[in-house]
$ cat work20.cif   # mmCIF, C-alpha atoms
data_start
loop_
_atom_site.label_atom_id
_atom_site.label_comp_id
_atom_site.auth_asym_id
_atom_site.auth_seq_id
_atom_site.Cartn_x
_atom_site.Cartn_y
_atom_site.Cartn_z
CA MET A 35 5.84 -2.54 -35.88
CA ASP A 36 8.42 -1.60 -33.29
CA GLU A 37 10.45 -4.77 -32.75
CA SER A 38 11.52 -3.61 -29.27
CA LYS A 39 7.92 -3.16 -28.10
CA PRO A 40 7.47 -6.74 -26.72
CA LEU A 41 10.71 -6.38 -24.76
CA LYS A 42 9.60 -3.02 -23.36
CA VAL A 43 6.26 -4.50 -22.34
CA ARG A 44 7.88 -7.42 -20.56
CA LEU A 45 10.39 -5.24 -18.73
CA THR A 46 7.66 -2.84 -17.62
CA PHE A 47 5.45 -5.75 -16.57
CA SER A 48 8.31 -7.19 -14.50
CA VAL A 49 8.60 -3.94 -12.55
CA ILE A 50 4.81 -3.82 -12.19
CA LEU A 51 4.85 -7.33 -10.66
CA VAL A 52 7.25 -6.02 -8.02
CA GLY A 53 4.78 -3.21 -7.30
CA VAL A 54 1.88 -5.69 -7.09
CA SER A 55 3.89 -7.86 -4.68
CA LEU A 56 4.57 -4.84 -2.47
CA LEU A 57 0.88 -3.94 -2.64
CA PHE A 58 -0.17 -7.40 -1.44
CA ALA A 59 2.46 -7.33 1.30
CA ALA A 60 1.17 -3.97 2.56
CA VAL A 61 -2.49 -5.00 2.52
CA VAL A 62 -2.13 -8.33 4.34
CA THR A 63 0.41 -7.31 6.99
CA ASP A 64 -0.13 -5.26 10.15
CA HIS A 65 3.00 -3.12 10.43
CA TRP A 66 1.65 0.15 9.03
CA ALA A 67 2.18 2.14 12.22
CA VAL A 68 3.73 1.59 15.64
CA LEU A 69 2.22 3.32 18.68
CA SER A 70 3.92 3.90 22.00
CA PRO A 71 2.52 5.18 25.32
CA LYS A 72 4.43 7.34 27.76
CA VAL A 73 6.52 5.34 30.22
CA GLU A 74 6.19 6.61 33.78
CA GLU A 75 8.10 3.84 35.57
CA TYR A 76 11.05 1.72 34.55
CA ASN A 77 12.03 -1.85 35.34
CA THR A 78 8.44 -2.85 34.60
CA THR A 79 6.37 -3.71 31.53
CA CYS A 80 4.67 -1.32 29.12
CA GLU A 81 2.38 -2.01 26.19
CA ALA A 82 3.25 -0.87 22.67
CA ALA A 83 1.13 -1.59 19.61
CA HIS A 84 1.38 -1.92 15.86
CA PHE A 85 -1.51 -2.24 13.44
CA GLY A 86 -2.48 -2.51 9.80
CA LEU A 87 -5.70 -2.42 7.83
CA TRP A 88 -7.32 -5.40 9.52
CA ARG A 89 -5.96 -6.02 13.00
CA LEU A 90 -4.10 -4.61 15.98
CA CYS A 91 -1.20 -6.29 17.76
CA THR A 92 -0.02 -5.34 21.23
CA LYS A 93 3.23 -6.25 22.87
CA ARG A 94 4.20 -6.12 26.54
CA ILE A 95 7.81 -5.00 26.77
CA PHE A 96 10.00 -4.91 29.84
CA MET A 97 11.48 -1.44 30.03
CA GLN A 98 14.76 -0.54 31.68
CA ALA A 99 16.11 2.96 32.22
CA GLN A 100 16.17 5.04 29.03
CA GLY A 101 18.02 8.09 27.88
CA PRO A 102 16.74 11.58 28.68
CA LYS A 103 15.21 11.98 25.20
CA GLU A 104 13.41 8.65 25.24
CA LYS A 105 9.95 8.71 26.80
CA GLY A 106 8.04 6.04 24.90
CA CYS A 107 7.67 2.30 25.19
CA GLY A 108 9.84 0.29 22.87
CA PRO A 109 11.26 -0.23 20.37
CA ILE A 110 8.67 -2.76 19.26
CA SER A 111 11.43 -5.15 18.21
CA LEU A 112 12.29 -5.90 21.86
CA PRO A 113 11.12 -9.30 23.15
CA GLY A 114 7.80 -9.50 24.92
CA GLU A 115 4.37 -11.07 25.10
CA HIS A 116 2.62 -10.64 21.75
CA ASN A 117 -1.16 -10.59 21.19
CA CYS A 118 -3.13 -9.79 18.01
CA SER A 119 -6.84 -9.33 17.37
CA TYR A 120 -8.87 -8.25 14.36
CA PHE A 121 -10.70 -4.95 14.57
CA LYS A 122 -14.12 -5.22 16.13
CA HIS A 123 -15.90 -3.65 13.18
CA PHE A 124 -14.56 -6.42 10.91
CA THR A 125 -15.16 -9.30 13.34
CA PRO A 126 -17.95 -8.36 15.80
CA GLY A 127 -17.33 -11.45 17.89
CA GLN A 128 -13.79 -10.44 18.81
CA SER A 129 -12.67 -7.79 21.23
CA SER A 130 -10.41 -4.90 20.33
CA GLU A 131 -11.48 -2.23 22.78
CA ILE A 132 -8.04 -0.65 22.88
CA PHE A 133 -8.31 0.26 19.22
CA GLU A 134 -11.99 1.20 19.29
CA VAL A 135 -11.16 3.92 21.80
CA THR A 136 -8.10 5.26 20.03
CA THR A 137 -9.08 5.59 16.40
CA GLN A 138 -11.93 6.57 14.16
CA LYS A 139 -13.92 3.57 12.94
CA GLU A 140 -14.69 5.33 9.67
CA TYR A 141 -11.00 5.91 8.93
CA SER A 142 -10.15 2.24 9.39
CA ILE A 143 -13.02 0.97 7.24
CA SER A 144 -12.31 3.54 4.52
CA ALA A 145 -8.59 2.71 4.32
CA ALA A 146 -9.32 -1.04 4.11
CA ALA A 147 -12.05 -0.61 1.47
CA ILE A 148 -9.89 1.60 -0.75
CA ALA A 149 -7.00 -0.86 -0.43
CA ILE A 150 -9.32 -3.66 -1.60
CA PHE A 151 -10.18 -1.60 -4.68
CA SER A 152 -6.45 -1.19 -5.32
CA VAL A 153 -5.89 -4.95 -5.15
CA GLY A 154 -8.83 -5.54 -7.47
CA PHE A 155 -7.52 -3.09 -10.06
CA ALA A 156 -4.06 -4.69 -9.88
CA ILE A 157 -5.48 -8.18 -10.42
CA ILE A 158 -7.59 -7.09 -13.41
CA GLY A 159 -4.60 -5.27 -14.92
CA THR A 160 -2.42 -8.36 -14.55
CA ILE A 161 -5.05 -10.53 -16.25
CA CYS A 162 -5.22 -8.07 -19.15
CA VAL A 163 -1.44 -8.08 -19.62
CA LEU A 164 -1.25 -11.88 -19.50
CA LEU A 165 -4.03 -12.14 -22.08
CA SER A 166 -2.23 -9.63 -24.32
CA PHE A 167 0.71 -12.03 -24.59
CA ARG A 168 -1.53 -14.53 -26.37
CA LYS A 169 -2.21 -14.04 -30.10
CA LYS A 170 -0.78 -10.50 -30.00
CA ARG A 171 -3.75 -8.89 -28.28
CA ASP A 172 -1.92 -5.60 -27.79
CA TYR A 173 -5.17 -3.67 -27.43
CA LEU A 174 -5.47 -5.08 -23.89
CA LEU A 175 -2.36 -3.20 -22.80
CA LYS A 176 -4.19 0.12 -22.75
CA PRO A 177 -6.89 -0.89 -20.23
CA ALA A 178 -4.25 -2.78 -18.25
CA SER A 179 -2.17 0.38 -17.91
CA MET A 180 -5.21 2.30 -16.66
CA PHE A 181 -6.03 -0.40 -14.11
CA TYR A 182 -2.47 -0.26 -12.75
CA THR A 183 -2.62 3.53 -12.56
CA PHE A 184 -5.93 3.35 -10.67
CA ALA A 185 -4.44 0.74 -8.33
CA GLY A 186 -1.55 3.09 -7.51
CA LEU A 187 -3.91 6.00 -6.88
CA CYS A 188 -6.14 3.90 -4.62
CA ILE A 189 -3.30 2.65 -2.44
CA ILE A 190 -1.85 6.13 -1.95
CA ILE A 191 -5.31 7.37 -0.94
CA SER A 192 -5.47 4.50 1.55
CA VAL A 193 -2.04 5.53 2.85
CA GLU A 194 -3.24 9.11 3.37
CA VAL A 195 -6.39 7.95 5.18
CA MET A 196 -4.27 5.78 7.47
CA ARG A 197 -1.88 8.67 8.09
CA GLN A 198 -4.75 10.93 9.10
CA SER A 199 -6.09 8.21 11.39
CA VAL A 200 -2.76 7.88 13.19
CA LYS A 201 -2.46 11.65 13.51
CA ARG A 202 -5.91 11.90 15.09
CA MET A 203 -5.04 9.13 17.52
CA ILE A 204 -1.91 10.91 18.70
CA ASP A 205 -3.66 14.29 18.97
CA SER A 206 -6.65 12.91 20.88
CA LYS A 207 -6.69 13.45 24.64
CA GLU A 208 -8.53 10.15 25.12
CA THR A 209 -5.56 8.06 24.04
CA VAL A 210 -2.46 6.88 25.88
CA TRP A 211 -0.26 7.11 22.80
CA ILE A 212 2.35 9.85 22.72
CA GLU A 213 4.68 8.58 20.00
CA TYR A 214 4.21 6.90 16.64
CA SER A 215 6.25 5.79 13.69
CA TYR A 216 5.43 4.27 10.33
CA SER A 217 6.74 0.79 9.72
CA TRP A 218 7.64 -1.43 6.77
CA SER A 219 4.07 -2.19 5.65
CA PHE A 220 3.52 1.56 5.23
CA ALA A 221 6.76 1.76 3.21
CA CYS A 222 5.61 -1.15 1.00
CA ALA A 223 2.35 0.69 0.27
CA CYS A 224 4.19 3.89 -0.70
CA ALA A 225 6.67 2.00 -2.88
CA SER A 226 3.86 0.11 -4.61
CA PHE A 227 2.17 3.42 -5.44
CA VAL A 228 5.31 4.72 -7.16
CA LEU A 229 5.88 1.54 -9.17
CA LEU A 230 2.25 0.99 -10.18
CA PHE A 231 1.54 4.61 -11.07
CA VAL A 232 4.75 5.28 -13.01
CA CYS A 233 4.84 1.92 -14.78
CA GLY A 234 1.12 2.14 -15.54
CA ILE A 235 1.71 5.38 -17.42
CA ALA A 236 4.82 3.90 -19.07
CA LEU A 237 2.82 0.88 -20.22
CA LEU A 238 0.19 3.19 -21.72
CA LEU A 239 2.85 5.10 -23.67
CA ILE A 240 4.33 1.84 -24.93
CA ALA A 241 0.90 0.59 -26.02
CA LEU A 242 0.07 3.71 -28.04
CA PRO A 243 0.50 3.49 -31.83
CA ARG A 244 3.79 4.65 -33.28
CA PHE A 245 3.80 8.28 -34.37
CA PRO A 246 5.44 9.43 -37.62
CA GLN A 247 9.16 9.86 -37.11
CA ASN A 248 9.76 12.31 -39.98
CA PRO A 249 7.95 15.53 -40.88
CA TRP A 250 7.05 14.18 -44.33
CA GLU A 251 5.73 10.86 -42.97
CA THR A 252 1.98 10.96 -42.48
CA CYS A 253 -0.14 8.73 -40.31
CA MET A 254 -1.37 6.98 -43.44
CA ASP A 255 2.18 6.22 -44.53
CA ALA A 256 3.27 4.93 -41.14
CA GLU A 257 3.79 1.20 -40.83
CA PRO A 258 0.57 -0.34 -39.49
CA GLU A 259 0.41 -2.31 -36.22
CA HIS A 260 -0.09 -6.06 -36.60
#

$ encode --input "work20.cif" --output "structure tokens"
Amino acid sequence: MDESKPLKVRLTFSVILVGVSLLFAAVVTDHWAVLSPKVEEYNTTCEAAHFGLWRLCTKRIFMQAQGPKEKGCGPISLPGEHNCSYFKHFTPGQSSEIFEVTTQKEYSISAAAIAIFSVGFAIIGTICVLLSFRKKRDYLLKPASMFYTFAGLCIIISVEVMRQSVKRMIDSKETVWIEYSYSWSFACACASFVLLFVCGIALLLIALPRFPQNPWETCMDAEPEH
């Protein structure tokens, strides 16, 4: 048995935990995208917005004169009155008309549902790895690696659905938004995809049986796994 295998598994699992943490941060926060309307008048307030998978937050910002290349409201980091509400299709009793008009309901529900699948795969994969540490149950590493890979694929699909949703909002003539940017929650989702997908494949390669190292060493002669 490869004596360095437990160390490799633990190092890979440590990186995977970082990816899982980024995944959870992306799913529960609402800074995937920032939207800005066109500012017609200065020395008055304008309303910018940022949203995630579950809710929309608007912010009234007092705008002073901007440069010739700056036409939008913001940046969102400026002080102002802050208000958040969950999307109407998730909480029918709450109002979020501003978002119902400016996005596709199907896009939002699809992105959230796929992200939930990603979280579920990550949790199952983590349980499998933790169980493999007990009584040398190395056979659990293979399904764990697949669950992590599936989690990475699901979150990147959710990212693409969200990106298409934002693009449709900006292109629609029914919206007031003229500018958009992706924020740190979006970056967390992309980073979690890279870590979960790459480390999932790495964990699978580590979990595979050792191949013969010499041409004259057959599979039957190879040292068996314990």

$ atom_distance --input "work20.cif" --atom1 "CA of Leu164 (chain A)" --atom2 "CA of Ala178 (chain A)"
9.7 Å

$ atom_distance --input "work20.cif" --atom1 "CA of Ile190 (chain A)" --atom2 "CA of Ala145 (chain A)"
9.8 Å

$ atom_distance --input "work20.cif" --atom1 "CA of Ser199 (chain A)" --atom2 "CA of His116 (chain A)"
23.2 Å

$ closest_residue --input "work20.cif" --among "A:Thr63, A:Ser144, A:Thr160, A:Thr46" --to "Cys188 (chain A)" --atoms "all atoms listed in the file"
A:Ser144

$ residues_around --input "work20.cif" --residues "Ala60 (chain A)" --least-positions-apart "2" --cutoff "8 Å" --atoms "only C-alpha atoms" --output "list of chain:residue names"
A:Leu56, A:Leu57, A:Phe58, A:Val62, A:Thr63, A:Asp64, A:Trp66, A:Ser219, A:Phe220, A:Cys222, A:Ala223

$ closest_residue --input "work20.cif" --among "A:Val153, A:Gly86, A:Ile143, A:Ile204" --to "Ser55 (chain A)" --atoms "only C-alpha atoms"
A:Val153

$ closest_residue --input "work20.cif" --among "A:Ile240, A:Ile148, A:Ala67, A:Lys42" --to "Ser192 (chain A)" --atoms "all atoms listed in the file"
A:Ile148

$ resolve_selection --input "work20.cif" --expression "the PyMOL selection byres ((chain A and resi 185) around 7)" --output "short mmCIF file (atom, residue, chain, number, x, y, z; two decimals) with C-alpha atoms, keeping the file's coordinate frame"
data_model
loop_
_atom_site.label_atom_id
_atom_site.label_comp_id
_atom_site.auth_asym_id
_atom_site.auth_seq_id
_atom_site.Cartn_x
_atom_site.Cartn_y
_atom_site.Cartn_z
CA SER A 152 -6.45 -1.19 -5.32
CA VAL A 153 -5.89 -4.95 -5.15
CA PHE A 155 -7.52 -3.09 -10.06
CA ALA A 156 -4.06 -4.69 -9.88
CA PHE A 181 -6.03 -0.40 -14.11
CA TYR A 182 -2.47 -0.26 -12.75
CA THR A 183 -2.62 3.53 -12.56
CA PHE A 184 -5.93 3.35 -10.67
CA GLY A 186 -1.55 3.09 -7.51
CA LEU A 187 -3.91 6.00 -6.88
CA CYS A 188 -6.14 3.90 -4.62
CA ILE A 189 -3.30 2.65 -2.44
CA LEU A 230 2.25 0.99 -10.18
#

$ closest_residue --input "work20.cif" --among "A:Leu165, A:Met196, A:Ile50, A:Leu174" --to "Ser142 (chain A)" --atoms "only C-alpha atoms"
A:Met196

$ closest_residue --input "work20.cif" --among "A:Ser119, A:Ser70, A:Ser179, A:Gln198" --to "Tyr214 (chain A)" --atoms "only C-alpha atoms"
A:Ser70
